[in-house]
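Enquirer: Next up is a structure, given as structure tokens.
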Amino acid sequence: MIVDHEKWSNIPLLHVYKEEYKNEQVPVVFFLHGFTSAKEHNLHYAYQLAERGMRVLLPDAHLHGERHESLDEIQLSLRFWEIVLTSIEDVKTLRSECINRQLLSDDTKIALAGTSMGGIETLGCLKVYPWVDVAAVMMGSPGYVQLAKAQMAQYEARGFKLPVTEIERKQILETLSNFDLTKNPEALNGRPVFFWHGQQDTVVPYEPTYNFYNAIKKSYAEHPERFQFKSDQLAGHAVSRKGLLEATDFLAEYLSV
């Protein structure tokens, strides 16, 4: 197995693959990391996926890893949605790079996966990119507007004054609504999606994501196995090994590896 440290269109990433597939058009997985994390922190997922014959790209998010700007956690949190929306654009850029490098053809499947912020980004990508074939979301939330409103209220309750006017706040929420799957769940279009979430999660609340799943699962009635939600009653904001293996098994199954 090869782990190449590369930069594609100024996006630092780890490119993980089995050596015999270096120049082959095998399924590609974009794996997105969490808030304050970095690309190398998800190599355990990449190992499991590459072992199954997939090519895995783990980019550093905007303002994270090699792209950091020495911001503290409060400064980063105030730019959370800037980071999320930049990552969604980065996924589009990386797909174009794969095509230019002849690693993707019209028949090569693409998966998206992520933890926490990366799971949130994955759900935003599902809203706007019909070319994503399958996804795995660990501790993510599809309700961008609801989550942003909750974050704003939390900041203000802690005594922080948000550096935006009321008009700017409204514009931010309008922009986020374009990536909010709860506003248009039909965008899933029957694509396979796996969710994992700990019920004790205090960072990304469990209930909104589970409620979304329950509201949408009837649209998968003919193929319920394509839309799965795995709960862990004891887990907080950390994916268990069982959850990791369930997620990678799901991706491998629907990428036909």
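Starting from 1 in every chain, residues are counted up; chains themselves are A, B, ... following the order of the structure tokens, and ligands are numbered from 1 as listed.
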Which residues are close to Leu112 (chain A), i.e. within 12 Å by only C-alpha atoms, leaving aside same-chain residues fewer than 2 positions away? Reply as a ChimeraX atom specification.
Expert: /A:27-33,49,55-59,87-88,91-92,94-95,109-110,114-115,118-126,129-138,191-194,247-248,250-252,254-255
Enquirer: Show me, as a PyMOL selection string, the residues that have an atom within 8 Å of Asp201 (chain A) when counting only C-alpha atoms, minus same-chain residues fewer than 5 positions from it.
Expert: chain A and resi 206+235-237
Enquirer: Within 12 Å of Lys217 (chain A), counting only C-alpha atoms, which residues show up once you throw out same-chain ones fewer than 5 positions away? Write them as JSON, numbers by chain, please.
Expert: {"A": [185, 186, 188, 189, 190, 191, 192, 193, 194, 195, 210, 211, 212, 222, 223, 224, 225, 226, 227, 228, 229]}
Enquirer: Extract the full set of strand (DSSP E or B) residues from region 58-228 of chain A according to DSSP on the backbone, and format it as a VMD selection string.
Expert: chain A and resid 58 to 59 110 to 115 134 to 138 193 to 198 227 to 228
Enquirer: Would you mind listing what lies within 9 Å of region 23-25 of chain A as a PyMOL selection string, with only C-alpha atoms counted and same-chain residues fewer than 3 positions away left out?
Expert: chain A and resi 19-20+28+55+101-105+107-108
Enquirer: Which residues are near Met1 (chain A)? Cut-off 12 Å, only C-alpha atoms, ignore same chain within fewer than 6 positions. Put them as a list in words.
Expert: His15, Val16, Tyr17, Lys18, Glu19, Glu20, Tyr21, Lys22, Leu43, Ala46, Tyr47, Gln48, Leu49, Ala50, Glu51, Arg52, Gly53, Met54, Arg55 and Val56 of chain A
Enquirer: Rounded to one decimal place, report the CA of Ala153 (chain A)-CA of His62 (chain A) distance in Å.
Expert: 24.3 Å
Enquirer: Go through A:Ser256, A:Gln151, A:Ser231, A:Ser96 and flag the residue nearest Gln200 (chain A), using only C-alpha atoms for the distances.
Expert: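 Smallest separation from Gln200 (chain A) among the options: A:Ser231.
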Enquirer: Using only C-alpha atoms, which of A:Ala150, A:Val204, A:Ile11, A:Val164 sits nearest Met117 (chain A)?
Expert: A:Val204
Enquirer: With only C-alpha atoms as the counted atoms, please give the residues lying no more than 8 Å from His5 (chain A), apart from itself and same-chain residues fewer than 6 positions off, as a PyMOL selection string.
Expert: chain A and resi 12-15
Enquirer: Can you pull out every residue within 12 Å of Asn10 (chain A), counting only C-alpha atoms, but drop anything in the same chain fewer than 6 positions away, and send it as an NGL selection string?
Expert: :A and (59-62 or 66-67 or 90 or 93-94 or 97)
Enquirer: Based on DSSP run over this structure's backbone, return all residues of region 71-110 of chain A in helix (DSSP H, G or I), as a PyMOL selection string.
Expert: chain A and resi 73-77+80-100
Enquirer: Just write the chosen residues, N, CA and C atoms, as a PDB file, in the first residue's frame.
Expert:
```
ATOM      1  N   GLU A  73      -9.084  28.160  18.344  1.00  0.00           N
ATOM      2  CA  GLU A  73     -10.330  27.433  18.084  1.00  0.00           C
ATOM      3  C   GLU A  73     -11.530  28.361  17.963  1.00  0.00           C
ATOM      4  N   ILE A  74     -11.547  29.457  18.737  1.00  0.00           N
ATOM      5  CA  ILE A  74     -12.654  30.413  18.636  1.00  0.00           C
ATOM      6  C   ILE A  74     -12.641  31.087  17.264  1.00  0.00           C
ATOM      7  N   GLN A  75     -11.470  31.516  16.820  1.00  0.00           N
ATOM      8  CA  GLN A  75     -11.364  32.146  15.501  1.00  0.00           C
ATOM      9  C   GLN A  75     -11.767  31.183  14.393  1.00  0.00           C
ATOM     10  N   LEU A  76     -11.359  29.927  14.538  1.00  0.00           N
ATOM     11  CA  LEU A  76     -11.750  28.914  13.556  1.00  0.00           C
ATOM     12  C   LEU A  76     -13.259  28.692  13.563  1.00  0.00           C
ATOM     13  N   SER A  77     -13.828  28.611  14.755  1.00  0.00           N
ATOM     14  CA  SER A  77     -15.252  28.315  14.851  1.00  0.00           C
ATOM     15  C   SER A  77     -16.099  29.412  14.211  1.00  0.00           C
ATOM     16  N   PHE A  80     -16.415  28.625  10.603  1.00  0.00           N
ATOM     17  CA  PHE A  80     -16.795  27.224  10.363  1.00  0.00           C
ATOM     18  C   PHE A  80     -17.453  27.029   9.003  1.00  0.00           C
ATOM     19  N   TRP A  81     -18.434  27.860   8.688  1.00  0.00           N
ATOM     20  CA  TRP A  81     -19.178  27.632   7.438  1.00  0.00           C
ATOM     21  C   TRP A  81     -18.362  28.026   6.214  1.00  0.00           C
ATOM     22  N   GLU A  82     -17.440  28.969   6.375  1.00  0.00           N
ATOM     23  CA  GLU A  82     -16.491  29.263   5.297  1.00  0.00           C
ATOM     24  C   GLU A  82     -15.658  28.015   4.987  1.00  0.00           C
ATOM     25  N   ILE A  83     -15.232  27.338   6.045  1.00  0.00           N
ATOM     26  CA  ILE A  83     -14.449  26.104   5.874  1.00  0.00           C
ATOM     27  C   ILE A  83     -15.282  25.038   5.180  1.00  0.00           C
ATOM     28  N   VAL A  84     -16.525  24.851   5.630  1.00  0.00           N
ATOM     29  CA  VAL A  84     -17.408  23.826   5.054  1.00  0.00           C
ATOM     30  C   VAL A  84     -17.637  24.085   3.570  1.00  0.00           C
ATOM     31  N   LEU A  85     -17.991  25.301   3.214  1.00  0.00           N
ATOM     32  CA  LEU A  85     -18.300  25.608   1.820  1.00  0.00           C
ATOM     33  C   LEU A  85     -17.058  25.518   0.938  1.00  0.00           C
ATOM     34  N   THR A  86     -15.898  25.868   1.490  1.00  0.00           N
ATOM     35  CA  THR A  86     -14.653  25.712   0.725  1.00  0.00           C
ATOM     36  C   THR A  86     -14.362  24.243   0.478  1.00  0.00           C
ATOM     37  N   SER A  87     -14.614  23.389   1.463  1.00  0.00           N
ATOM     38  CA  SER A  87     -14.387  21.955   1.289  1.00  0.00           C
ATOM     39  C   SER A  87     -15.301  21.376   0.210  1.00  0.00           C
ATOM     40  N   ILE A  88     -16.537  21.845   0.158  1.00  0.00           N
ATOM     41  CA  ILE A  88     -17.458  21.371  -0.882  1.00  0.00           C
ATOM     42  C   ILE A  88     -16.915  21.744  -2.261  1.00  0.00           C
ATOM     43  N   GLU A  89     -16.388  22.952  -2.381  1.00  0.00           N
ATOM     44  CA  GLU A  89     -15.772  23.373  -3.648  1.00  0.00           C
ATOM     45  C   GLU A  89     -14.509  22.565  -3.930  1.00  0.00           C
ATOM     46  N   ASP A  90     -13.733  22.252  -2.883  1.00  0.00           N
ATOM     47  CA  ASP A  90     -12.510  21.461  -3.045  1.00  0.00           C
ATOM     48  C   ASP A  90     -12.819  20.071  -3.613  1.00  0.00           C
ATOM     49  N   VAL A  91     -13.911  19.474  -3.187  1.00  0.00           N
ATOM     50  CA  VAL A  91     -14.284  18.151  -3.695  1.00  0.00           C
ATOM     51  C   VAL A  91     -14.494  18.202  -5.208  1.00  0.00           C
ATOM     52  N   LYS A  92     -15.149  19.237  -5.674  1.00  0.00           N
ATOM     53  CA  LYS A  92     -15.351  19.431  -7.117  1.00  0.00           C
ATOM     54  C   LYS A  92     -14.005  19.572  -7.829  1.00  0.00           C
ATOM     55  N   THR A  93     -13.097  20.342  -7.232  1.00  0.00           N
ATOM     56  CA  THR A  93     -11.763  20.538  -7.804  1.00  0.00           C
ATOM     57  C   THR A  93     -10.992  19.228  -7.872  1.00  0.00           C
ATOM     58  N   LEU A  94     -11.059  18.440  -6.799  1.00  0.00           N
ATOM     59  CA  LEU A  94     -10.321  17.175  -6.764  1.00  0.00           C
ATOM     60  C   LEU A  94     -10.886  16.172  -7.766  1.00  0.00           C
ATOM     61  N   ARG A  95     -12.191  16.184  -7.959  1.00  0.00           N
ATOM     62  CA  ARG A  95     -12.777  15.320  -9.000  1.00  0.00           C
ATOM     63  C   ARG A  95     -12.233  15.710 -10.371  1.00  0.00           C
ATOM     64  N   SER A  96     -12.165  17.005 -10.642  1.00  0.00           N
ATOM     65  CA  SER A  96     -11.628  17.466 -11.927  1.00  0.00           C
ATOM     66  C   SER A  96     -10.176  17.037 -12.089  1.00  0.00           C
ATOM     67  N   GLU A  97      -9.415  17.092 -10.992  1.00  0.00           N
ATOM     68  CA  GLU A  97      -8.020  16.653 -11.029  1.00  0.00           C
ATOM     69  C   GLU A  97      -7.933  15.159 -11.352  1.00  0.00           C
ATOM     70  N   CYS A  98      -8.820  14.374 -10.756  1.00  0.00           N
ATOM     71  CA  CYS A  98      -8.835  12.929 -11.043  1.00  0.00           C
ATOM     72  C   CYS A  98      -9.091  12.672 -12.519  1.00  0.00           C
ATOM     73  N   ILE A  99     -10.015  13.438 -13.097  1.00  0.00           N
ATOM     74  CA  ILE A  99     -10.321  13.284 -14.518  1.00  0.00           C
ATOM     75  C   ILE A  99      -9.119  13.677 -15.365  1.00  0.00           C
ATOM     76  N   ASN A 100      -8.496  14.805 -15.011  1.00  0.00           N
ATOM     77  CA  ASN A 100      -7.325  15.269 -15.768  1.00  0.00           C
ATOM     78  C   ASN A 100      -6.166  14.291 -15.676  1.00  0.00           C
TER      79      ASN A 100
END
```
